Amino acid sequence: MSGLVVAALLTAVVSTAIALLEPRLPALSLLVLYMLVVLPVAITWGIHVAVFAVLLSVVVFSYLFLAPVHSFWIAEERDLVPMGVFLVTALVVAELAARMRRAVVESARLSREQSALRRVATLVARSPEPVTVFEAVTREVGLLCDADLARMERYDEDGVVGVAVWSRVPAVLAVGTWIELDGPSIARAVLRTGAPARVDTFERATGRIADEAHELGIRSSVGCPIVVGGHIWGVIAASTRGDQAFPPETEAQITRFTELVATAVANAESSVEINRLAREQAALRRVATLVAAGAQPDDVFTSVTNEVTALLGADTTIIVRFAPDGTPSHLAGDRAGRAGSDAGGSGDGAAPGLLGLLRDPQILTTVTAGSSASADSAIFCPITVEGRVWGAFGVRGEELPIDIEKRLLDFTELIATAVANAESHGQLIASRARVVAAADETRRRIERDLHDGAQQRLVSLALELRLAETTVTDGQQEIRAAVQAAATEITEVLDDLREISRGIHPAILSEGGLSPALRTLARRAPLPVEMRVHTEQRFPPSVEIASYYVVSEALTNTSKYAQAEHAEVLVEERNGWLRLSVSDDGTGGADPSNGSGLVGLRDRVEALGGAIMVSSPAGKGTTIVVSLPVNQAG
């Protein structure tokens, strides 16, 4: 009705404009102005109202502006042609405008639908709880269909259960309510036919759904099935309080949403499983990263027990190690709701209680029921390292997962790998330390052999030659000169041998300790060295030898390659660690990986459980910092 009124008003406005322009222009040339009435009416209200506007425009124009004026009769035949042309043109334009309007409306509808589908798909991709997806889909269907009430229901035995509701009015049947299919409803019709369904009226209908429709003033509903795995899982329905029924394309719109819901429902269980696996893999990855970083076994054990407690919802977890006689000893444990763990201790009562269930190390995967009638249970899985049962990983809880054995075995394999790696790493460190110690002992033996053997013999020979030189008479100058030259040569050889001996193993290091040996290095260095030694105590021989060679190699590299004018050496002992720092003001740019002596120093330092750091930015000198454990070194 509003379209007809607007068409009449616009026709009056345009007619007034033509009346004002007629004295200056031919009336028929102004007939086209009525297109200003046809176009907006056709775009806004469609073709039917536009046809009315066209006919009204022709009648008004002929009545007001064609002879005879104020008559519906057209006297001049020549006026019929332009009137007919206008009539046909206006109708064509109205049809095109109406089609454009329908295309725009359809495009907007499709755009809203695609936006809604995209929002739901994005939500599903984030893997939220299924109820979140159900609520979002129900809301989008309600808004898209311009409904007053939208409901998603799941079939359950002889009825349905509401899983999500969206409404512009207070819904009577809340989410979670079981509804018997005892009257006309979308859910009943969909279940019977397996296809989309409509209820055109709830008048005189009975049943709980009809009662809600009566209370809310619902006139009609439309809905589609949600098919999951070939079976009807549920239904989505939209309802309206208006007199006008839902458009024919409503079923297709809702179906596209039901397909998305069906996918979400089908993936819900697998999504839960995927999330569980993701959390489990993340926990395994964190533990594996800790192992790869070379963490201490106790730290690895503590991490595993904490991760499993959180992941499996266990009350208590424990890692034990078996003694040669099979007696288990507690290494690490964790209790739900308790910060930290009692790794390495006896725990606070929970871990020993769980340990008490481990009676037979050979039966490690038997679930042991608790003493009460509750579902409390415990399970132990073996930790097998290189073919031997090294220990066991135990879990206790009231509601342990059904697949606890398999999931626990995954962690025990990781623990076994960590233990094997730790043992291998310890064996490697011990082997390297033995190699270094053997090499150092060989150096000391060679140094002693040179000092007690070759050096002493050369000293004796030099003294004998000096003595022989004194017995030569004045008339034997050539002999005297030869003996003197031989004695001088032996003395020089003796000096070279002493230098070689110091390079093999400095005797002052064994006799006086680290501080005098380093000060001797500083005095012999070809550049000024500021030596600051803040400790005079003796350290294990391996530590002193490593420290000596670190400083010696660093000063040698500085004098050869760094073009430095000054070097500093700092030695101090802190909290059981000996720390050495050698720095210079040279050109920098040293690369420890280029086969320099720093590679050998790194091997020596790491063999003792220490660490070495080299900082050598170009143009800013070089600094070598070494830390060596004093108490662990042998």
# chains A, B, ... in the order shown; residues from 1 in each chain; ligands from 1
>>> select_by_dssp(residues="range 566-618 of chain A", states="strand (DSSP E or B)", output="MDAnalysis selection string")
chainID A and resid 567:574 577:584 611:615
>>> select_by_dssp(residues="range 455-623 of chain A", states="alpha helix (DSSP H)", output="PyMOL selection string")
chain A and resi 456-471+477-504+507-512+514-524+541-557+597-607
>>> residues_around(residues="Gln114 in chain A", least_positions_apart="3", cutoff="12 Å", atoms="only C-alpha atoms", output="list in words")
Glu106, Ser107, Ala108, Arg109, Leu110, Ser111, Leu117, Arg118, Arg119, Val120, Ala121, Thr122, Glu140, Val141, Leu144, Gln253, Arg256 and Phe257 of chain A
>>> residues_around(residues="Ala418 in chain A", least_positions_apart="5", cutoff="12 Å", atoms="only C-alpha atoms", output="VMD selection string")
chain A and resid 284 287 to 301 303 to 304 383 to 386 390 411 to 413 423 to 426
>>> write_last_selection(atoms="C-alpha atoms", output="PDB file, in the first residue's frame")
ATOM      1  CA  LEU A 284      56.298 -35.349  25.369  1.00  0.00           C
ATOM      2  CA  VAL A 287      60.244 -33.469  28.152  1.00  0.00           C
ATOM      3  CA  ALA A 288      62.205 -34.414  25.020  1.00  0.00           C
ATOM      4  CA  THR A 289      63.449 -30.835  24.696  1.00  0.00           C
ATOM      5  CA  LEU A 290      64.586 -30.951  28.302  1.00  0.00           C
ATOM      6  CA  VAL A 291      66.465 -34.187  27.619  1.00  0.00           C
ATOM      7  CA  ALA A 292      68.035 -32.795  24.440  1.00  0.00           C
ATOM      8  CA  ALA A 293      69.222 -29.755  26.381  1.00  0.00           C
ATOM      9  CA  GLY A 294      71.301 -32.059  28.585  1.00  0.00           C
ATOM     10  CA  ALA A 295      69.276 -31.557  31.751  1.00  0.00           C
ATOM     11  CA  GLN A 296      70.103 -33.571  34.827  1.00  0.00           C
ATOM     12  CA  PRO A 297      68.113 -36.842  35.152  1.00  0.00           C
ATOM     13  CA  ASP A 298      66.397 -35.618  38.334  1.00  0.00           C
ATOM     14  CA  ASP A 299      65.055 -32.592  36.424  1.00  0.00           C
ATOM     15  CA  VAL A 300      63.795 -34.879  33.661  1.00  0.00           C
ATOM     16  CA  PHE A 301      62.090 -37.205  36.158  1.00  0.00           C
ATOM     17  CA  SER A 303      59.201 -32.882  34.571  1.00  0.00           C
ATOM     18  CA  VAL A 304      57.737 -36.239  33.533  1.00  0.00           C
ATOM     19  CA  ILE A 383      61.333 -48.526  32.352  1.00  0.00           C
ATOM     20  CA  THR A 384      63.601 -50.707  30.233  1.00  0.00           C
ATOM     21  CA  VAL A 385      67.082 -49.430  29.465  1.00  0.00           C
ATOM     22  CA  GLU A 386      69.291 -51.403  27.077  1.00  0.00           C
ATOM     23  CA  TRP A 390      65.927 -50.128  35.134  1.00  0.00           C
ATOM     24  CA  PHE A 411      56.255 -41.748  28.666  1.00  0.00           C
ATOM     25  CA  THR A 412      58.222 -44.701  30.016  1.00  0.00           C
ATOM     26  CA  GLU A 413      59.912 -45.020  26.633  1.00  0.00           C
ATOM     27  CA  GLU A 423      74.169 -42.784  31.198  1.00  0.00           C
ATOM     28  CA  SER A 424      75.766 -42.533  27.756  1.00  0.00           C
ATOM     29  CA  HIS A 425      76.532 -38.878  28.338  1.00  0.00           C
ATOM     30  CA  GLY A 426      78.018 -39.673  31.729  1.00  0.00           C
TER      31      GLY A 426
END
>>> atom_distance(atom1="CA of Gly326 in chain A", atom2="CA of Ser377 in chain A")
23.0 Å
>>> closest_atom_pairs(of="range 195-245 of chain A", to="range 149-162 of chain A", cutoff="12 Å", atoms="only C-alpha atoms", output="CSV")
residue,atom,partner,partner_atom,distance
A:Gly207,CA,A:Gly159,CA,11.9
A:Arg208,CA,A:Gly159,CA,11.1
A:Ile209,CA,A:Val160,CA,10.8
A:Glu212,CA,A:Leu149,CA,10.8
A:Ala213,CA,A:Leu149,CA,9.7
A:Leu216,CA,A:Leu149,CA,9.2
A:Gly217,CA,A:Leu149,CA,10.6
A:Ile218,CA,A:Leu149,CA,8.4
A:Arg219,CA,A:Leu149,CA,11.1
A:Ser220,CA,A:Leu149,CA,10.5
A:Ser221,CA,A:Leu149,CA,9.0
A:Val222,CA,A:Ala150,CA,9.6
A:Gly223,CA,A:Arg151,CA,9.2
A:Cys224,CA,A:Met152,CA,10.0
A:Pro225,CA,A:Glu153,CA,9.7
A:Ile226,CA,A:Arg154,CA,8.8
A:Val227,CA,A:Arg154,CA,10.8
A:Val228,CA,A:Arg154,CA,11.3
A:His231,CA,A:Tyr155,CA,10.5
A:Ile232,CA,A:Tyr155,CA,7.9
A:Trp233,CA,A:Arg154,CA,6.0
A:Gly234,CA,A:Arg154,CA,4.1
A:Val235,CA,A:Glu153,CA,5.4
A:Ile236,CA,A:Met152,CA,4.5
A:Ala237,CA,A:Arg151,CA,5.4
A:Ala238,CA,A:Ala150,CA,4.4
A:Ser239,CA,A:Leu149,CA,5.1
A:Thr240,CA,A:Leu149,CA,6.6
A:Arg241,CA,A:Leu149,CA,8.7
A:Gly242,CA,A:Leu149,CA,11.5
>>> write_last_selection(atoms="C-alpha atoms", output="short mmCIF file (atom, residue, chain, number, x, y, z; two decimals), in the first residue's frame")
data_model
loop_
_atom_site.label_atom_id
_atom_site.label_comp_id
_atom_site.auth_asym_id
_atom_site.auth_seq_id
_atom_site.Cartn_x
_atom_site.Cartn_y
_atom_site.Cartn_z
CA GLY A 207 1.78 -31.29 22.53
CA ARG A 208 4.60 -29.53 24.36
CA ILE A 209 6.05 -27.89 21.24
CA GLU A 212 5.12 -23.29 23.41
CA ALA A 213 4.06 -22.08 19.96
CA LEU A 216 4.82 -17.36 22.09
CA GLY A 217 2.42 -16.69 19.25
CA ILE A 218 4.34 -18.79 16.74
CA ARG A 219 2.42 -19.12 13.46
CA SER A 220 4.68 -21.37 11.33
CA SER A 221 8.00 -23.19 11.38
CA VAL A 222 10.50 -24.70 8.98
CA GLY A 223 13.39 -27.04 9.69
CA CYS A 224 15.96 -29.48 8.29
CA PRO A 225 17.58 -32.69 9.56
CA ILE A 226 21.17 -32.92 10.80
CA VAL A 227 22.55 -36.13 9.32
CA VAL A 228 25.71 -37.55 10.89
CA HIS A 231 21.83 -41.29 10.60
CA ILE A 232 19.56 -38.42 11.61
CA TRP A 233 21.31 -36.93 14.62
CA GLY A 234 19.09 -33.90 15.19
CA VAL A 235 17.18 -31.02 13.64
CA ILE A 236 17.39 -27.24 13.27
CA ALA A 237 14.09 -25.36 13.16
CA ALA A 238 13.19 -21.70 12.67
CA SER A 239 9.82 -20.25 13.70
CA THR A 240 8.04 -16.96 13.06
CA ARG A 241 5.19 -15.06 14.68
CA GLY A 242 4.36 -13.27 11.44
#
>>> residues_around(residues="range 461-477 of chain A", least_positions_apart="6", cutoff="7 Å", atoms="only C-alpha atoms", output="tab-separated table (two decimals) with C-alpha atoms, in the first residue's frame")
chain	number	residue	atom	x	y	z
A	483	VAL	CA	135.74	-28.13	24.12
A	484	GLN	CA	134.38	-24.69	24.97
A	487	ALA	CA	130.02	-27.11	26.25
A	490	ILE	CA	125.20	-28.56	25.14
A	491	THR	CA	124.04	-25.68	27.33
>>> atom_distance(atom1="CA of Ala618 in chain A", atom2="CA of Ser559 in chain A")
16.7 Å
>>> closest_residue(among="A:Gly3, A:Gly313, A:Gly394, A:Pro540", to="His330 in chain A", atoms="only C-alpha atoms")
A:Gly394
>>> residues_around(residues="Ser62 in chain A", least_positions_apart="4", cutoff="7 Å", atoms="only C-alpha atoms", output="list in words")
Val58, Leu66, Phe72 and Ile74 of chain A
>>> residues_around(residues="Pro401 in chain A", least_positions_apart="6", cutoff="10 Å", atoms="only C-alpha atoms", output="count of residues only")
4
